[in-house]
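Asker: mmCIF, C-alpha atoms, file entry03.cif:
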```cif
data_target
#
loop_
_atom_site.label_atom_id
_atom_site.label_comp_id
_atom_site.auth_asym_id
_atom_site.auth_seq_id
_atom_site.Cartn_x
_atom_site.Cartn_y
_atom_site.Cartn_z
CA MET A 243 35.33 -7.06 -2.09
CA THR A 244 38.09 -8.60 0.04
CA ARG A 245 39.24 -12.04 -1.09
CA PRO A 246 39.34 -14.84 1.51
CA SER A 247 42.84 -15.27 2.91
CA ALA A 248 44.92 -17.30 5.35
CA CYS A 249 48.39 -16.96 6.90
CA TYR A 250 50.77 -19.68 8.08
CA GLY A 251 53.74 -19.27 10.41
CA LEU A 252 56.88 -21.03 9.17
CA ASN A 253 59.20 -20.48 12.15
CA GLY A 254 60.13 -16.89 11.38
CA GLN A 255 58.55 -16.59 7.93
CA ILE A 256 54.86 -15.95 7.25
CA LEU A 257 53.18 -17.29 4.13
CA GLY A 258 50.02 -15.39 3.19
CA ILE A 259 47.50 -16.88 0.75
CA SER A 260 44.53 -15.20 -0.90
CA ALA A 261 42.01 -16.82 -3.23
CA GLU A 262 38.49 -16.49 -4.55
CA ARG A 263 37.39 -19.21 -2.12
CA PRO A 264 39.12 -21.12 0.70
CA GLU A 265 38.84 -24.49 -1.09
CA LEU A 266 41.54 -23.34 -3.50
CA TRP A 267 44.23 -23.44 -0.81
CA GLN A 268 43.20 -26.78 0.71
CA ASP A 269 46.53 -28.41 -0.30
CA PHE A 270 48.38 -25.87 1.83
CA ASP A 271 45.96 -26.26 4.71
CA ARG A 272 46.42 -30.02 4.53
CA MET A 273 50.17 -29.52 5.01
CA LEU A 274 50.27 -26.48 7.23
CA GLY A 275 46.94 -26.40 9.05
CA ILE A 276 48.42 -26.50 12.55
CA LEU A 277 50.70 -23.56 11.61
CA ARG A 278 47.80 -21.29 10.67
CA ILE A 279 47.86 -17.85 12.27
CA GLU A 280 44.64 -16.14 13.27
CA GLY A 281 44.39 -12.36 13.24
CA ALA A 282 46.08 -9.65 11.21
CA VAL A 283 49.74 -10.29 10.34
CA GLU A 284 52.04 -9.08 7.57
CA PRO A 285 53.15 -11.93 5.28
CA GLY A 286 56.78 -12.20 4.23
CA PHE A 287 55.72 -14.12 1.11
CA ARG A 288 52.40 -13.84 -0.72
CA LEU A 289 50.52 -16.35 -2.88
CA ASP A 290 47.48 -15.43 -4.96
CA ILE A 291 45.29 -18.25 -6.31
CA THR A 292 42.76 -17.67 -9.09
CA GLU A 293 40.52 -19.91 -11.17
CA ALA A 294 40.84 -19.15 -14.87
CA ASP A 295 39.27 -20.69 -17.96
CA VAL A 296 42.30 -19.69 -20.05
CA LEU A 297 45.86 -20.19 -18.77
CA ASP A 298 49.05 -18.55 -20.01
CA GLU A 299 50.82 -21.74 -21.04
CA ALA A 300 53.54 -20.13 -23.17
CA PRO A 301 55.44 -17.56 -21.08
CA GLY A 302 58.63 -16.15 -22.53
CA GLY A 303 62.02 -17.16 -21.17
CA SER A 304 64.36 -20.16 -21.08
CA LEU A 305 63.11 -23.73 -20.85
CA VAL A 306 64.73 -25.48 -17.87
CA PHE A 307 62.57 -28.62 -17.62
CA ASP A 308 60.28 -30.47 -20.03
CA GLY A 309 58.94 -33.86 -18.99
CA ASP A 310 56.90 -35.93 -16.57
CA ILE A 311 56.82 -35.50 -12.78
CA PRO A 312 55.84 -38.54 -10.67
CA GLU A 313 52.15 -38.48 -9.72
CA ASP A 314 51.56 -35.08 -11.40
CA GLY A 315 52.30 -35.88 -15.06
CA TYR A 316 53.69 -33.69 -17.82
CA CYS A 317 54.89 -30.14 -17.17
CA ARG A 318 57.30 -27.46 -18.38
CA MET A 319 59.44 -25.14 -16.25
CA ILE A 320 60.54 -21.83 -17.73
CA THR A 321 62.63 -19.01 -16.23
CA GLU A 322 62.06 -15.43 -17.29
CA GLY A 323 64.26 -12.89 -15.55
CA GLY A 324 63.61 -13.37 -11.84
CA ILE A 325 60.40 -15.33 -12.39
CA THR A 326 60.04 -19.11 -12.56
CA HIS A 327 57.00 -20.52 -14.39
CA LEU A 328 55.64 -24.05 -14.05
CA VAL A 329 53.04 -25.10 -16.62
CA PHE A 330 50.77 -28.15 -16.42
CA PRO A 331 48.92 -27.80 -19.76
CA GLY A 332 45.17 -27.54 -19.41
CA ARG A 333 45.37 -27.74 -15.61
CA GLN A 334 47.53 -25.29 -13.70
CA THR A 335 50.24 -22.67 -13.99
CA VAL A 336 52.34 -21.03 -11.30
CA ALA A 337 54.65 -18.02 -11.49
CA ILE A 338 57.12 -17.49 -8.65
CA ASN A 339 59.17 -14.36 -8.06
CA ASP A 340 61.87 -15.11 -5.47
CA GLU A 341 63.10 -11.52 -5.11
CA GLY A 342 59.62 -10.00 -5.08
CA ARG A 343 58.49 -12.66 -2.60
CA TRP A 344 55.25 -13.47 -4.38
CA ALA A 345 53.66 -16.24 -6.41
CA GLU A 346 50.58 -16.52 -8.60
CA LEU A 347 48.80 -19.84 -9.02
CA ARG A 348 46.22 -20.19 -11.79
CA VAL A 349 43.89 -23.20 -11.87
CA ARG A 350 41.42 -24.38 -14.52
CA PRO A 351 37.98 -24.92 -12.92
CA GLY A 352 37.38 -28.61 -12.32
CA ALA A 353 40.93 -29.65 -13.24
CA LYS A 354 42.76 -32.15 -11.04
CA ALA A 355 45.17 -30.19 -8.86
CA ALA A 356 48.89 -31.01 -9.15
CA TRP A 357 50.91 -31.30 -5.95
CA THR A 358 54.21 -29.96 -7.33
CA PRO A 359 53.18 -26.28 -7.69
CA SER A 360 52.20 -26.12 -4.01
CA MET A 361 55.56 -27.57 -2.98
CA LEU A 362 57.45 -25.11 -5.21
CA VAL A 363 55.59 -22.20 -3.65
CA LEU A 364 56.34 -23.50 -0.16
CA ASP A 365 60.00 -23.89 -1.17
CA ALA A 366 60.08 -20.28 -2.35
CA ALA A 367 58.38 -18.98 0.80
CA LEU A 368 60.84 -20.85 3.02
CA ASP A 369 63.80 -19.69 0.92
CA ALA A 370 62.67 -16.07 1.30
CA GLY A 371 62.96 -16.61 5.06
CA GLY A 372 66.42 -18.21 4.87
CA GLN A 373 65.14 -21.79 5.26
CA HIS A 374 65.20 -24.85 3.00
CA MET A 375 63.18 -28.04 2.86
CA LEU A 376 65.24 -31.23 2.79
CA HIS A 377 64.13 -34.74 1.89
CA THR A 378 65.12 -36.22 5.24
CA ALA A 379 63.46 -37.68 8.30
CA GLY A 380 63.98 -36.01 11.67
CA LEU A 381 63.71 -37.38 15.21
CA THR A 382 64.54 -35.98 18.61
CA LEU A 383 66.82 -37.99 20.85
CA PRO A 384 65.29 -39.59 23.98
CA GLY A 385 65.54 -37.10 26.83
CA HIS A 386 66.96 -34.35 24.56
CA ASP A 387 65.57 -31.59 22.37
CA ALA A 388 68.23 -32.05 19.67
CA VAL A 389 67.25 -33.74 16.42
CA VAL A 390 68.98 -36.26 14.19
CA LEU A 391 68.36 -36.04 10.45
CA ILE A 392 68.11 -39.32 8.54
CA HIS A 393 68.64 -39.12 4.79
CA ALA A 394 67.97 -41.69 2.10
CA PRO A 395 66.38 -41.71 -1.36
CA SER A 396 62.71 -42.68 -1.48
CA GLY A 397 62.07 -46.37 -0.96
CA THR A 398 65.23 -46.99 1.10
CA GLY A 399 63.50 -47.23 4.48
CA LYS A 400 63.32 -43.77 6.07
CA THR A 401 59.77 -44.25 7.29
CA THR A 402 60.41 -47.75 8.60
CA THR A 403 63.55 -46.64 10.43
CA SER A 404 61.87 -43.49 11.75
CA LEU A 405 58.91 -45.40 13.18
CA ALA A 406 61.21 -48.06 14.63
CA LEU A 407 63.21 -45.36 16.44
CA ALA A 408 59.99 -43.68 17.59
CA THR A 409 58.92 -46.94 19.27
CA GLN A 410 62.22 -46.79 21.22
CA GLY A 411 61.68 -43.34 22.75
CA PHE A 412 62.75 -41.03 19.92
CA GLY A 413 60.32 -38.22 19.06
CA LEU A 414 59.07 -38.08 15.46
CA CYS A 415 59.35 -34.66 13.79
CA SER A 416 58.88 -35.95 10.23
CA ASP A 417 59.54 -39.14 8.31
CA ASP A 418 60.20 -37.34 5.02
CA ALA A 419 60.49 -33.53 5.04
CA MET A 420 62.53 -31.37 7.42
CA ILE A 421 63.01 -27.61 7.21
CA LEU A 422 66.60 -26.49 7.79
CA ASN A 423 67.86 -23.08 8.92
CA VAL A 424 71.61 -22.41 9.20
CA ALA A 425 71.44 -18.62 9.44
CA SER A 426 72.61 -18.51 13.07
CA GLY A 427 75.63 -20.72 12.34
CA LYS A 428 74.20 -23.61 14.38
CA PRO A 429 71.86 -25.68 12.20
CA LEU A 430 68.23 -25.80 13.34
CA ALA A 431 65.51 -28.02 11.89
CA TRP A 432 61.79 -28.60 12.21
CA GLY A 433 59.41 -31.09 10.62
CA LEU A 434 56.73 -30.38 8.05
CA PRO A 435 53.55 -31.52 9.83
CA ARG A 436 52.06 -33.79 7.19
CA HIS A 437 50.67 -37.32 7.11
CA VAL A 438 53.01 -40.32 7.24
CA LYS A 439 52.68 -42.82 4.38
CA ILE A 440 53.09 -46.30 5.86
CA HIS A 441 53.86 -49.18 3.50
CA GLN A 442 52.62 -52.71 4.03
CA LYS A 443 56.21 -53.89 4.50
CA THR A 444 56.72 -51.25 7.20
CA ALA A 445 53.58 -52.47 8.97
CA GLU A 446 54.93 -56.02 8.87
CA MET A 447 58.29 -54.97 10.36
CA ILE A 448 56.78 -52.68 13.01
CA PRO A 449 53.59 -54.34 14.31
CA GLN A 450 53.13 -51.51 16.87
CA VAL A 451 51.61 -49.36 14.08
CA ALA A 452 48.73 -51.80 13.48
CA PRO A 453 46.19 -49.87 15.62
CA CYS A 454 46.69 -46.81 13.36
CA LEU A 455 45.95 -48.64 10.12
CA GLY A 456 42.74 -49.37 8.28
CA PRO A 457 41.91 -52.28 5.96
CA VAL A 458 42.45 -50.43 2.64
CA TRP A 459 45.83 -49.92 0.96
CA ASP A 460 46.40 -47.68 -2.09
CA ARG A 461 47.86 -48.86 -5.41
CA ASN A 462 51.38 -48.35 -3.99
CA GLY A 463 50.61 -50.55 -1.00
CA GLU A 464 50.52 -47.56 1.37
CA GLN A 465 48.21 -45.82 3.82
CA ALA A 466 48.43 -42.14 4.79
CA VAL A 467 48.21 -41.90 8.57
CA SER A 468 47.71 -38.60 10.37
CA LEU A 469 50.18 -37.42 13.00
CA GLU A 470 47.28 -37.21 15.43
CA ARG A 471 46.58 -40.91 14.92
CA LEU A 472 50.26 -41.82 15.25
CA SER A 473 50.49 -39.84 18.48
CA GLU A 474 48.47 -42.62 20.12
CA ILE A 475 51.47 -44.98 19.86
CA VAL A 476 54.60 -42.74 19.58
CA ARG A 477 55.67 -39.23 20.58
CA ILE A 478 55.01 -36.66 17.86
CA GLU A 479 57.06 -33.49 18.21
CA SER A 480 55.65 -30.03 17.59
CA PRO A 481 56.98 -28.15 14.51
CA VAL A 482 59.49 -26.09 16.52
CA ALA A 483 63.03 -25.46 15.29
CA ARG A 484 65.54 -27.58 17.23
CA PRO A 485 69.35 -27.94 17.07
CA VAL A 486 70.65 -30.66 14.75
CA ALA A 487 72.79 -33.22 16.56
CA ALA A 488 73.87 -35.36 13.60
CA LEU A 489 73.21 -36.31 9.99
CA LEU A 490 72.74 -40.02 9.25
CA HIS A 491 72.81 -41.49 5.73
CA LEU A 492 70.65 -44.60 5.59
CA ALA A 493 71.92 -47.73 3.85
CA ARG A 494 70.89 -51.36 3.74
CA SER A 495 73.09 -53.72 5.73
CA ALA A 496 74.82 -56.42 3.70
CA ASP A 497 74.70 -58.95 6.56
CA SER A 498 71.40 -58.08 8.33
CA GLU A 499 73.31 -56.44 11.21
CA THR A 500 72.62 -52.83 12.18
CA ARG A 501 75.64 -50.57 12.62
CA LEU A 502 76.52 -46.86 12.75
CA VAL A 503 79.86 -45.83 11.22
CA PRO A 504 81.45 -42.43 10.53
CA MET A 505 80.86 -41.03 7.03
CA ALA A 506 83.21 -38.63 5.27
CA ARG A 507 81.69 -35.15 5.11
CA THR A 508 82.31 -34.94 1.36
CA ASP A 509 80.39 -38.21 0.84
CA ALA A 510 77.56 -36.95 3.05
CA MET A 511 77.45 -33.70 1.08
CA VAL A 512 77.24 -35.52 -2.27
CA ALA A 513 74.55 -37.95 -1.06
CA LEU A 514 72.35 -35.20 0.41
CA ALA A 515 72.80 -32.89 -2.58
CA MET A 516 71.99 -35.60 -5.14
CA ASP A 517 68.61 -36.15 -3.51
CA ASN A 518 67.75 -32.53 -2.70
CA VAL A 519 69.23 -30.23 -5.34
CA ARG A 520 67.51 -30.21 -8.72
CA THR A 521 69.34 -29.28 -11.90
CA GLY A 522 67.66 -28.09 -15.07
CA LEU A 523 68.59 -27.65 -18.72
CA THR A 524 70.29 -24.36 -17.80
CA GLY A 525 72.03 -25.60 -14.64
CA LEU A 526 71.20 -24.68 -11.05
CA LEU A 527 68.50 -22.09 -10.43
CA PRO A 528 69.28 -19.47 -7.74
CA LEU A 529 67.09 -21.18 -5.10
CA GLN A 530 68.85 -24.49 -5.75
CA LYS A 531 72.25 -22.81 -5.36
CA ARG A 532 71.16 -21.43 -1.99
CA ARG A 533 69.87 -24.88 -0.97
CA LEU A 534 73.24 -26.40 -1.91
CA ALA A 535 75.05 -23.79 0.20
CA THR A 536 72.75 -24.59 3.14
CA ILE A 537 73.52 -28.30 2.80
CA GLY A 538 77.23 -27.45 2.81
CA ARG A 539 76.92 -25.50 6.05
CA LEU A 540 74.92 -28.33 7.63
CA VAL A 541 77.47 -31.01 6.71
CA SER A 542 80.38 -28.91 7.93
CA SER A 543 78.69 -28.24 11.29
CA VAL A 544 77.43 -31.62 12.55
CA PRO A 545 78.79 -35.19 12.79
CA THR A 546 77.96 -37.34 9.76
CA PHE A 547 77.41 -41.12 9.82
CA THR A 548 76.21 -44.02 7.71
CA LEU A 549 73.43 -45.95 9.41
CA GLU A 550 73.39 -49.50 8.03
CA VAL A 551 70.01 -50.94 8.95
CA GLY A 552 69.64 -54.70 9.27
CA ALA A 553 66.79 -57.05 10.03
CA HIS A 554 65.80 -55.21 13.22
CA PRO A 555 65.68 -51.41 12.62
CA ALA A 556 64.89 -50.72 16.30
CA ASP A 557 68.46 -51.85 17.12
CA ALA A 558 69.63 -48.50 15.70
CA ALA A 559 68.20 -46.63 18.71
CA ALA A 560 70.85 -47.77 21.21
CA LEU A 561 73.66 -47.31 18.65
CA ILE A 562 72.66 -43.72 17.89
CA GLY A 563 72.24 -42.84 21.56
CA ALA A 564 75.60 -44.31 22.58
CA THR A 565 77.52 -42.85 19.63
CA LEU A 566 76.19 -39.32 20.06
CA ALA A 567 76.75 -39.47 23.83
CA ARG A 568 80.45 -40.03 23.07
CA GLN A 569 80.42 -37.00 20.75
CA ASP A 570 79.36 -34.65 23.57
#
```
What does the file become when written as C-alpha cells?
Answerer:
Amino acid sequence: MTRPSACYGLNGQILGISAERPELWQDFDRMLGILRIEGAVEPGFRLDITEADVLDEAPGGSLVFDGDIPEDGYCRMITEGGITHLVFPGRQTVAINDEGRWAELRVRPGAKAAWTPSMLVLDAALDAGGQHMLHTAGLTLPGHDAVVLIHAPSGTGKTTTSLALATQGFGLCSDDAMILNVASGKPLAWGLPRHVKIHQKTAEMIPQVAPCLGPVWDRNGEQAVSLERLSEIVRIESPVARPVAALLHLARSADSETRLVPMARTDAMVALAMDNVRTGLTGLLPLQKRRLATIGRLVSSVPTFTLEVGAHPADAAALIGATLARQD
C-alpha cells in the first residue's frame, strides 16, 4: 500500500514527505503550504514520518547537545557518522543524513509535537540544495525587486521595523526567516511563508495593523497573523528568490533618532554568525560550517549597515531608500 505523500518546492530543491497519514506532516504544511507541488516529481530530499509506540532514544555516537530548547523542552542531539539524531524523550526522535539526503521522524502517538525537529529537517533539505535559512527579516525596496535583509536577535524589533517599512511601500518577504542562496556568486534570498507574530507593543507603535488583530493575546503578549490577512494592509511578496541589496543590523537608538550608518563587514559577519550558527559540545557540525561560509559570502558581497531605530521606525524607510540609491 502506498503511503500518503506530499512535495514542496524550495526554489530549486524539492522536499518530499511520506507518512502513514497526512496529519503527521501538518507542521510542514503550515509553513510550506503555498509551496506544495501537485503531480509526480522527484524529491531532492526525502522525509519519512512514522508513529511508533517505542522510540530509539539511545542511538550510538557523540553527544553534541544536552539541555532545554525554548518552547520544546528537553532534548539531546547526537552525531553518529554522517547522521544527526535529535531525541525528545517519550515524544519524538529524528535522524538526519545530510549526504544521503534523507530524514526519518518518529513520533509517539498522542505526544505533543516539538517544532525543532521540523525546522532541522527543513534546514537539512535546504542545505542539500545549497541554501541556508537565516534568522533575518527581508523586504523588497519600493519600486525594485531587490531585497534588504534586516538582522537582529529575537526581541530587538525586527517585526516592528519590518511592518513599519511595509507601511511605507516596502514589500514584506518575511519578518523572521529568509532563505539565502549564494551559489551563483550574487546572493539571492526568499522568505519562508509563515505567520507573523505581532506583539502588543508592535500593535501600539504601528496602529495600521489593528484591523488584522483579534481580541486574544497569547501568554507572550503576541498574536500569529497570517500573511493573507496582512496582505489587506501591506504588500506581501511571493516566495521567489530575489537579489540582496544590503544587510542591515538592527540596533536601538540611544537618543530616539533613527539613523543608518555603515557597519564594518567583520562586525556584520560576527553579529550574523552569533545569531545563526549553532555550536555544540564537539564544535561546528558540517551543516553549520556551510552556513557560516554562506554568511561570509553574503557579507563580502553586499553593503552592510547598522540601522539604529528610534521612536518612529517608519522614518527608516526614507533613509534606506536614499542610502541605497547612492550605492547604485
Asker: Can you pull out every residue within 10 Å of region 312-317 of chain A, counting all atoms listed in the file, but drop anything in the same chain fewer than 5 positions away, and send it as a list in words?
Answerer: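 The contact residues come out as Phe307, Leu328, Val329, Phe330, Pro331, Arg333, Gln334, Thr335, Lys354, Ala355, Ala356, Trp357, Thr358 and Pro359 of chain A.
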Asker: Give as a tab-separated table (two decimals) with C-alpha atoms, keeping the file's coordinate frame each residue that has an atom at most 10 Å from (51.9, -28.0, 14.7) in the file, counting all atoms listed in the file.
Answerer:
```
chain	number	residue	atom	x	y	z
A	251	GLY	CA	53.74	-19.27	10.41
A	273	MET	CA	50.17	-29.52	5.01
A	274	LEU	CA	50.27	-26.48	7.23
A	275	GLY	CA	46.94	-26.40	9.05
A	276	ILE	CA	48.42	-26.50	12.55
A	277	LEU	CA	50.70	-23.56	11.61
A	278	ARG	CA	47.80	-21.29	10.67
A	433	GLY	CA	59.41	-31.09	10.62
A	434	LEU	CA	56.73	-30.38	8.05
A	435	PRO	CA	53.55	-31.52	9.83
A	436	ARG	CA	52.06	-33.79	7.19
A	469	LEU	CA	50.18	-37.42	13.00
A	478	ILE	CA	55.01	-36.66	17.86
A	479	GLU	CA	57.06	-33.49	18.21
A	480	SER	CA	55.65	-30.03	17.59
A	481	PRO	CA	56.98	-28.15	14.51
A	482	VAL	CA	59.49	-26.09	16.52
```
Asker: Taking all atoms listed in the file into account, name the residue in A:Gly552, A:Gly380, A:Gly323, A:Gly385 that is nearest to Thr401 (chain A).
Answerer: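 Of all the options, A:Gly380 lies closest to Thr401 (chain A).
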Asker: At most 12 Å from (80.5, -36.0, 2.9), file frame, all atoms listed in the file: which residues, as a list in words?
Answerer: Leu489, Leu490, His491, Pro504, Met505, Ala506, Arg507, Thr508, Asp509, Ala510, Met511, Val512, Ala513, Leu514, Ala515, Met516, Ile537, Gly538, Arg539, Leu540, Val541, Ser542, Ser543, Val544, Pro545, Thr546, Phe547 and Thr548 of chain A
Asker: Determine the residue set returned by the PyMOL selection byres ((chain A and resi 477) around 10) for the present structure, and present it as a list in words.
Answerer: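 With the PyMOL selection byres ((chain A and resi 477) around 10) on this model, the match is Leu381, Thr382, Ala408, Thr409, Gly411, Phe412, Gly413, Leu414, Cys415, Leu469, Leu472, Ser473, Glu474, Ile475, Val476, Ile478, Glu479 and Ser480 of chain A.
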Asker: Name the closest residue to Gly463 (chain A) among the candidates A:Arg484, A:Arg520, A:Arg245, A:His441; distances are taken between atoms, counting all atoms listed in the file.
Answerer: A:His441
Asker: Would you mind reading off the distance between CA of Tyr250 (chain A) and CA of Ile279 (chain A), one decimal, in Å?
Answerer: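 One can read the CA of Tyr250 (chain A) to CA of Ile279 (chain A) distance as 5.4 Å.
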Asker: Counting all atoms listed in the file, figure out which residue out of A:His374, A:Arg533, A:Arg288, A:Arg263 gets nearest to Ala345 (chain A).
Answerer: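 Closest to Ala345 (chain A), using all atoms listed in the file: A:Arg288.
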Asker: Got a sec: who's within 12 Å of Gly371 (chain A), counting all atoms listed in the file, leaving out chain neighbours fewer than 6 positions off, as a list in words?
Answerer: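 Here the answer would be Gly251, Leu252, Asn253, Gly254, Gln255, Ile256, Leu257, Pro285, Gly286, Phe287, Asp340, Glu341, Arg343, Leu364, Asp365, Ile421, Leu422, Asn423, Val424, Ala425, Leu529 and Arg532 of chain A.
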Asker: Could you write those residues out with C-alpha atoms, as a PDB file, keeping the file's coordinate frame?
Answerer:
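Result saved to out12.pdb:
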```pdb
ATOM      1  CA  GLY A 251      53.740 -19.270  10.410  1.00  0.00           C
ATOM      2  CA  LEU A 252      56.880 -21.030   9.170  1.00  0.00           C
ATOM      3  CA  ASN A 253      59.200 -20.480  12.150  1.00  0.00           C
ATOM      4  CA  GLY A 254      60.130 -16.890  11.380  1.00  0.00           C
ATOM      5  CA  GLN A 255      58.550 -16.590   7.930  1.00  0.00           C
ATOM      6  CA  ILE A 256      54.860 -15.950   7.250  1.00  0.00           C
ATOM      7  CA  LEU A 257      53.180 -17.290   4.130  1.00  0.00           C
ATOM      8  CA  PRO A 285      53.150 -11.930   5.280  1.00  0.00           C
ATOM      9  CA  GLY A 286      56.780 -12.200   4.230  1.00  0.00           C
ATOM     10  CA  PHE A 287      55.720 -14.120   1.110  1.00  0.00           C
ATOM     11  CA  ASP A 340      61.870 -15.110  -5.470  1.00  0.00           C
ATOM     12  CA  GLU A 341      63.100 -11.520  -5.110  1.00  0.00           C
ATOM     13  CA  ARG A 343      58.490 -12.660  -2.600  1.00  0.00           C
ATOM     14  CA  LEU A 364      56.340 -23.500  -0.160  1.00  0.00           C
ATOM     15  CA  ASP A 365      60.000 -23.890  -1.170  1.00  0.00           C
ATOM     16  CA  ILE A 421      63.010 -27.610   7.210  1.00  0.00           C
ATOM     17  CA  LEU A 422      66.600 -26.490   7.790  1.00  0.00           C
ATOM     18  CA  ASN A 423      67.860 -23.080   8.920  1.00  0.00           C
ATOM     19  CA  VAL A 424      71.610 -22.410   9.200  1.00  0.00           C
ATOM     20  CA  ALA A 425      71.440 -18.620   9.440  1.00  0.00           C
ATOM     21  CA  LEU A 529      67.090 -21.180  -5.100  1.00  0.00           C
ATOM     22  CA  ARG A 532      71.160 -21.430  -1.990  1.00  0.00           C
TER      23      ARG A 532
END
```
Asker: Would you kindly translate the PyMOL selection byres ((chain A and resi 406) around 9) into the concrete residues it picks from this file, as a PyMOL selection string?
Answerer: chain A and resi 401-405+407-410+412+447-448+554-559
Asker: For the residues selected in the previous step, produce a file with C-alpha atoms as an mmCIF file, keeping the file's coordinate frame.
Answerer:
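Full text of again34.cif as output:
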```cif
data_model
loop_
_atom_site.group_PDB
_atom_site.id
_atom_site.type_symbol
_atom_site.label_atom_id
_atom_site.label_comp_id
_atom_site.auth_asym_id
_atom_site.auth_seq_id
_atom_site.Cartn_x
_atom_site.Cartn_y
_atom_site.Cartn_z
ATOM 1 C CA THR A 401 59.770 -44.250 7.290
ATOM 2 C CA THR A 402 60.410 -47.750 8.600
ATOM 3 C CA THR A 403 63.550 -46.640 10.430
ATOM 4 C CA SER A 404 61.870 -43.490 11.750
ATOM 5 C CA LEU A 405 58.910 -45.400 13.180
ATOM 6 C CA LEU A 407 63.210 -45.360 16.440
ATOM 7 C CA ALA A 408 59.990 -43.680 17.590
ATOM 8 C CA THR A 409 58.920 -46.940 19.270
ATOM 9 C CA GLN A 410 62.220 -46.790 21.220
ATOM 10 C CA PHE A 412 62.750 -41.030 19.920
ATOM 11 C CA MET A 447 58.290 -54.970 10.360
ATOM 12 C CA ILE A 448 56.780 -52.680 13.010
ATOM 13 C CA HIS A 554 65.800 -55.210 13.220
ATOM 14 C CA PRO A 555 65.680 -51.410 12.620
ATOM 15 C CA ALA A 556 64.890 -50.720 16.300
ATOM 16 C CA ASP A 557 68.460 -51.850 17.120
ATOM 17 C CA ALA A 558 69.630 -48.500 15.700
ATOM 18 C CA ALA A 559 68.200 -46.630 18.710
#
```
Asker: Just checking: using only C-alpha atoms, which residue out of A:Gly332, A:Pro384, A:Pro264, A:Gly258 ends up closest to Leu289 (chain A)?
Answerer: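 Among A:Gly332, A:Pro384, A:Pro264, A:Gly258, it is A:Gly258 that comes nearest to Leu289 (chain A).
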Asker: If the PyMOL selection byres ((chain A and resi 454) around 8) were run on this exact file, what residues would it hold? Put them as a PyMOL selection string.
Answerer: chain A and resi 451-453+455-456+467+471-472
Asker: Edge lengths and centre in Å to one decimal, as lines of an AutoDock Vina configuration file, is what I'm after for the box along x, y and z that holds all listed atoms of region 331-346 of chain A once 8 Å is added on each side.
Answerer:
```
center_x = 54.1
center_y = -18.9
center_z = -11.2
size_x = 33.9
size_y = 33.8
size_z = 33.2
```
Asker: Give me region 441-452 of chain A from this structure - N, CA, C and O atoms, as a compact mmCIF listing (two decimals), in the first residue's frame.
Answerer:
```txt
# COMPACT_ATOMS: atom_id res chain seq x y z
N HIS A 441 3.49 41.49 18.41
CA HIS A 441 3.43 41.76 19.84
C HIS A 441 2.53 42.96 20.12
O HIS A 441 2.33 43.81 19.25
N GLN A 442 2.02 43.01 21.34
CA GLN A 442 1.17 44.13 21.72
C GLN A 442 1.89 45.47 21.56
O GLN A 442 1.28 46.46 21.13
N LYS A 443 3.19 45.50 21.88
CA LYS A 443 3.94 46.74 21.74
C LYS A 443 4.06 47.15 20.28
O LYS A 443 4.02 48.33 19.95
N THR A 444 4.22 46.14 19.39
CA THR A 444 4.25 46.43 17.95
C THR A 444 2.92 47.04 17.50
O THR A 444 2.89 48.01 16.74
N ALA A 445 1.83 46.47 17.98
CA ALA A 445 0.50 46.98 17.62
C ALA A 445 0.31 48.42 18.09
O ALA A 445 -0.34 49.22 17.40
N GLU A 446 0.90 48.75 19.24
CA GLU A 446 0.78 50.11 19.75
C GLU A 446 1.59 51.09 18.89
O GLU A 446 1.15 52.22 18.64
N MET A 447 2.76 50.65 18.42
CA MET A 447 3.63 51.52 17.63
C MET A 447 3.16 51.66 16.19
O MET A 447 3.41 52.67 15.53
N ILE A 448 2.48 50.60 15.68
CA ILE A 448 2.03 50.61 14.28
C ILE A 448 0.52 50.36 14.27
O ILE A 448 0.06 49.22 14.07
N PRO A 449 -0.28 51.38 14.48
CA PRO A 449 -1.74 51.21 14.58
C PRO A 449 -2.37 50.69 13.30
O PRO A 449 -3.49 50.20 13.32
N GLN A 450 -1.64 50.77 12.16
CA GLN A 450 -2.21 50.29 10.89
C GLN A 450 -2.52 48.79 10.93
O GLN A 450 -3.32 48.30 10.14
N VAL A 451 -1.87 48.04 11.85
CA VAL A 451 -2.09 46.59 11.88
C VAL A 451 -3.36 46.21 12.65
O VAL A 451 -3.77 45.05 12.64
N ALA A 452 -4.00 47.17 13.29
CA ALA A 452 -5.17 46.88 14.13
C ALA A 452 -6.24 46.05 13.43
O ALA A 452 -6.81 45.13 14.04
```
